[in-house]
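*Asks:* Have a look at this one.
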Amino acid sequence: MTSAQVDKGQADGPEAVDTGTGEGYQRGLGARQIQMIAIGGAIGTGLFLGAGKAIDRAGPSLILAYAIAGLVIFFIMRALGELLMYRPVSGSFSEYAREFLGPFFGFVTGWTYWLFWVVTGITEVTAAATYMTYWWDIPQWLSALVFTVILYGANLISVKLFGELEFWFSMVKVTAIIGMILICAGVLTIGFSDAGDTATVANLWNDGGFFPQGIGGTLMTLQIVMFAFLAVELVGVTAGESKDPKTVLPKAINTVPWRIAVFYVGALIMILSVVPWSTFKPGVSPFVAAFEEMGLGVGAAIVNFVVLTAALSSCNSGMYSTGRMLRDLALNGQGPKAFTRLTKNGLPLVGTTFSAALMLVGVWINYQWPGDAFTYVVSFATISGMWAWIMILVCQIRYRARADRGELPQSTFKAPGAPFSSWFALGFIGLVIVMMAVDEDARISLYCAPLWGLILGVSYLTLKSRNPRNTSFAKR
């Protein structure tokens with residue numbers, strides 16, 4: 001966005017204030033919080049629950065799928081890091097798409113990423129309400145309502161409180177996985193628990209080989225694997241509110257390889273060594289199944305608490321990011337002017353409230369259909385989330401080309417291997433989309449995507465026709 005647009009946005013309404021960040025936000029997120037947001041973004045219900053279905057489809061070869069996908073995620077994050085060091089803005093993906101691809105792509109990216117988090121927020125608050133029934137027989141809709149209101153309130157107090165919530169949510173997830181790894185290591189080396197006699201690294205290839213379902217089975221898990229990594233890019237949205245983005249963000253991004261190596265590859269190697277892959281079933285957390293096979297029944301309650309935390313963490317992130325994306329769109333004339341307003345604490349009140357109100361749809365759904373899952377909308381969340389990754393990679397390629405020609409300043413945090421690494425990542429995402437088209441459960445999202453694109457196209461043309469002099473719709 002231009003400085004004129006920022007100034008205009010900050011002048012709209014008595015609540016808008018300039019806190020000296022250039023966007024009106026307060027830099028309330030420190031290094032400790034950014035690091036844990038980055039770590040927690042890569043650990044969610046996709047790992048704690050979704051991995052059960054993926055293991056059933058691919059067996060031990062799922063480890064390889066996570067490793068390759070993790071490399072792709074690292075390429076994406078380094079591409080994002082290069083853009084962030086060139087210009088750290090809270091609008092992030094939407095703002096870069098607007099600069100390097102044109103106003104239409106900025107419009108589409110901003111609204112699509114906003115929808116991704118609204119849909120994710122609905123599904124995650126529903127999941128959290130379901131997990132609560134493990135301990136108490138209370139209506140799902142009531143739990144969903146309470147969680148939504150609490151997280152909404154926390155996001156309106158200060159960005160620092162959001163960061164603290166994410167810090168402790170992430171701490172719970174990290175502690176749980178490290179604990180599981182240490183317990184499995186103890187079973188393998190000392191031989192304690194009911195699984196001690198059968199636990200061996202050879203379980204990775206003894207039961208039908210490393211690819212028991214063939215290469216095709218491994219490829220079919222790619223959309224599940226990529227869904228598990230959604231939200232890792234959230235660290236980019238925090239750029240406008242980080243205390244020292246030039247220092248903190250590169251450090252957070254560079255932790256991606258070891259995060260994936262430990263929390264995904266390492267955890268799966270341990271679990272599948274202790275318990276044969278054929279033991280795991282779809283819809284059952286592999287962590288719960290592993291604890292049960294080891295005769296540690298208390299593990300089920302622990303994992304239920306962890307997945308509850310993961311769901312609340314994701315919903316909390318949705319509350320945070322949606323308000324920022326809506327404000328970025330509004331500052332560029334691509335959303336209602338009311339979304340530009342900030343509170344005295346530098347928080348996008350109207351945008352966050354609007355998004356939270358839509359998330360309350362999840363409360364109504366829990367009231368109407370407490371036993372149904374959100375299979376279709378979860379698939380749509382995957383395809384809409386990957387759109388942000390595609391935009392990051394394409395924008396980085398365009399930026400690098402212009403920087404190499406001397407048209408733009410060089411970034412201080414260049415993506416290694418770019419642009420070839422970015423092209424490789426784009427090709428991998430294309431393969432995932434093909435696999436989604438083959439999978440009957442995920443195919444519905446590819447039907448919804450063109451419909452959403454049509455809605456955005458019509459909306460964009462309508463806004464442009466109503467305000468043709470707005471520079472946000474001009475060609476660059």
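Quick note on naming: the chains in the structure tokens go A, B, ... in the order shown, residues restart at 1 in each chain, and ligands are numbered from 1 in order of appearance.
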Kindly provide the residues of stretch 265-310 of chain A that approach stretch 202-213 of chain A to within 12 Å, each paired with its closest atom pair and their distance in Å to one decimal, based on only C-alpha atoms, listed by chain and increasing number, as a Markdown table.
*Replies:*
```
| residue | atom | partner | partner_atom | distance |
| --- | --- | --- | --- | --- |
| A:Leu268 | CA | A:Leu204 | CA | 10.0 |
| A:Ile269 | CA | A:Leu204 | CA | 7.8 |
| A:Met270 | CA | A:Leu204 | CA | 9.6 |
| A:Ile271 | CA | A:Leu204 | CA | 9.8 |
| A:Leu272 | CA | A:Leu204 | CA | 6.3 |
| A:Ser273 | CA | A:Asn203 | CA | 5.2 |
| A:Val274 | CA | A:Asn203 | CA | 7.5 |
| A:Val275 | CA | A:Asn203 | CA | 7.4 |
| A:Pro276 | CA | A:Asn203 | CA | 5.6 |
| A:Trp277 | CA | A:Asn203 | CA | 7.7 |
| A:Ser278 | CA | A:Asp207 | CA | 7.7 |
| A:Thr279 | CA | A:Asp207 | CA | 10.6 |
```
*Asks:* Store the residues picked out above in a file with all heavy atoms, as a short mmCIF file (atom, residue, chain, number, x, y, z; two decimals), in the first residue's frame.
*Replies:*
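For reference, part.cif as written:
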```
data_model
loop_
_atom_site.label_atom_id
_atom_site.label_comp_id
_atom_site.auth_asym_id
_atom_site.auth_seq_id
_atom_site.Cartn_x
_atom_site.Cartn_y
_atom_site.Cartn_z
N LEU A 268 6.85 -39.33 13.72
CA LEU A 268 6.30 -40.47 12.98
C LEU A 268 7.26 -41.66 12.99
O LEU A 268 6.83 -42.82 13.06
CB LEU A 268 5.98 -40.06 11.54
CG LEU A 268 4.72 -39.20 11.38
CD1 LEU A 268 4.58 -38.74 9.93
CD2 LEU A 268 3.48 -39.96 11.81
N ILE A 269 8.56 -41.39 12.87
CA ILE A 269 9.53 -42.49 12.92
C ILE A 269 9.41 -43.23 14.26
O ILE A 269 9.40 -44.47 14.31
CB ILE A 269 10.96 -41.95 12.73
CG1 ILE A 269 11.18 -41.52 11.27
CG2 ILE A 269 12.00 -43.02 13.12
CD1 ILE A 269 12.54 -40.88 11.02
N MET A 270 9.29 -42.49 15.33
CA MET A 270 9.19 -43.11 16.65
C MET A 270 7.90 -43.88 16.82
O MET A 270 7.90 -45.05 17.26
CB MET A 270 9.29 -42.02 17.73
CG MET A 270 10.68 -41.46 17.91
SD MET A 270 11.84 -42.75 18.47
CE MET A 270 13.34 -41.80 18.64
N ILE A 271 6.78 -43.27 16.45
CA ILE A 271 5.48 -43.92 16.62
C ILE A 271 5.39 -45.20 15.79
O ILE A 271 4.94 -46.25 16.26
CB ILE A 271 4.34 -42.96 16.25
CG1 ILE A 271 4.22 -41.85 17.31
CG2 ILE A 271 3.01 -43.70 16.13
CD1 ILE A 271 3.20 -40.80 16.97
N LEU A 272 5.83 -45.12 14.52
CA LEU A 272 5.71 -46.27 13.63
C LEU A 272 6.76 -47.34 13.93
O LEU A 272 6.64 -48.47 13.45
CB LEU A 272 5.82 -45.81 12.17
CG LEU A 272 4.68 -44.91 11.69
CD1 LEU A 272 4.92 -44.44 10.27
CD2 LEU A 272 3.35 -45.65 11.78
N SER A 273 7.78 -47.00 14.69
CA SER A 273 8.74 -48.01 15.13
C SER A 273 8.20 -48.78 16.33
O SER A 273 8.38 -49.99 16.45
CB SER A 273 10.08 -47.35 15.51
OG SER A 273 10.69 -46.77 14.39
N VAL A 274 7.50 -48.08 17.20
CA VAL A 274 6.95 -48.71 18.40
C VAL A 274 5.69 -49.52 18.07
O VAL A 274 5.49 -50.62 18.59
CB VAL A 274 6.63 -47.64 19.46
CG1 VAL A 274 5.85 -48.25 20.64
CG2 VAL A 274 7.92 -46.99 19.96
N VAL A 275 4.84 -48.98 17.19
CA VAL A 275 3.58 -49.64 16.84
C VAL A 275 3.53 -49.86 15.33
O VAL A 275 3.72 -48.91 14.57
CB VAL A 275 2.38 -48.77 17.29
CG1 VAL A 275 1.07 -49.47 16.96
CG2 VAL A 275 2.47 -48.46 18.78
N PRO A 276 3.29 -51.09 14.86
CA PRO A 276 3.20 -51.34 13.41
C PRO A 276 2.15 -50.46 12.76
O PRO A 276 1.08 -50.20 13.33
CB PRO A 276 2.81 -52.83 13.34
CG PRO A 276 3.30 -53.41 14.63
CD PRO A 276 3.13 -52.33 15.65
N TRP A 277 2.41 -50.02 11.54
CA TRP A 277 1.55 -49.06 10.87
C TRP A 277 0.13 -49.59 10.66
O TRP A 277 -0.84 -48.82 10.68
CB TRP A 277 2.14 -48.67 9.52
CG TRP A 277 2.05 -49.75 8.46
CD1 TRP A 277 2.97 -50.72 8.20
CD2 TRP A 277 0.98 -49.95 7.55
NE1 TRP A 277 2.54 -51.53 7.18
CE2 TRP A 277 1.32 -51.08 6.76
CE3 TRP A 277 -0.23 -49.31 7.32
CZ2 TRP A 277 0.48 -51.57 5.76
CZ3 TRP A 277 -1.06 -49.80 6.32
CH2 TRP A 277 -0.71 -50.91 5.55
N SER A 278 -0.01 -50.91 10.49
CA SER A 278 -1.33 -51.49 10.23
C SER A 278 -2.27 -51.39 11.44
O SER A 278 -3.48 -51.63 11.31
CB SER A 278 -1.17 -52.96 9.82
OG SER A 278 -0.46 -53.69 10.81
N THR A 279 -1.72 -51.02 12.59
CA THR A 279 -2.55 -50.87 13.79
C THR A 279 -3.39 -49.60 13.75
O THR A 279 -4.47 -49.54 14.32
CB THR A 279 -1.65 -50.84 15.04
OG1 THR A 279 -0.87 -52.04 15.08
CG2 THR A 279 -2.47 -50.73 16.32
#
```
*Asks:* Need to verify the contact set: A:Gly186, 12 Å, only C-alpha atoms, exclusion of same-chain residues closer than 2 positions in sequence. Can you return it as a ChimeraX atom specification?
*Replies:* /A:179-184,188-193,195-196,199-200,270-271,273-274,294
*Asks:* If you count only C-alpha atoms, which residues fall within 9 Å of A:Ala67, apart from same-chain ones fewer than 3 positions away, as a count of residues only?
*Replies:* 10
*Asks:* Nearest to A:Ser421: which of A:Tyr320, A:Leu393, A:Phe263, A:Val288 is it, counting only C-alpha atoms?
*Replies:*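 Between A:Tyr320, A:Leu393, A:Phe263, A:Val288, the residue approaching A:Ser421 most closely is A:Leu393.
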*Asks:* Need the shell around A:Trp135: protein/DNA/RNA residues with any atom at most 12 Å away, counting only C-alpha atoms. Skip same-chain ones fewer than 6 positions apart. Format as an NGL selection string?
*Replies:* :A and (129 or 300-302 or 304-305 or 308)
*Asks:* Step one, run DSSP on the backbone; step two, keep only residues of stretch 37-222 of chain A assigned to alpha helix (DSSP H); then write them as a PyMOL selection string.
*Replies:* chain A and resi 37-41+45-48+50-58+62-86+93-100+103-132+140-157+159-189+203-206+214-219+222
*Asks:* Identify, on the basis of only C-alpha atoms, every residue whose closest approach to A:Ala58 does not exceed 6 Å; exclude the query and any residue fewer than 2 positions from it along the same chain; express the result as a list of chain:residue names.
*Replies:*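 The residues satisfying every condition are A:Ile55, A:Asp56, A:Ser61, A:Leu62, A:Gln213, A:Gly217, A:Thr218.
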*Asks:* Go ahead and save the picked residues with C-alpha atoms, as a PDB file, in the first residue's frame.
*Replies:*
```pdb
ATOM      1  CA  ILE A  55      -0.847 -43.708   7.859  1.00  0.00           C
ATOM      2  CA  ASP A  56      -3.674 -46.036   6.832  1.00  0.00           C
ATOM      3  CA  SER A  61       6.164 -44.028   3.501  1.00  0.00           C
ATOM      4  CA  LEU A  62       4.169 -41.174   5.023  1.00  0.00           C
ATOM      5  CA  GLN A 213       0.223 -49.360  -0.389  1.00  0.00           C
ATOM      6  CA  GLY A 217      -0.998 -44.612  -1.843  1.00  0.00           C
ATOM      7  CA  THR A 218       1.750 -42.223  -0.784  1.00  0.00           C
TER       8      THR A 218
END
```
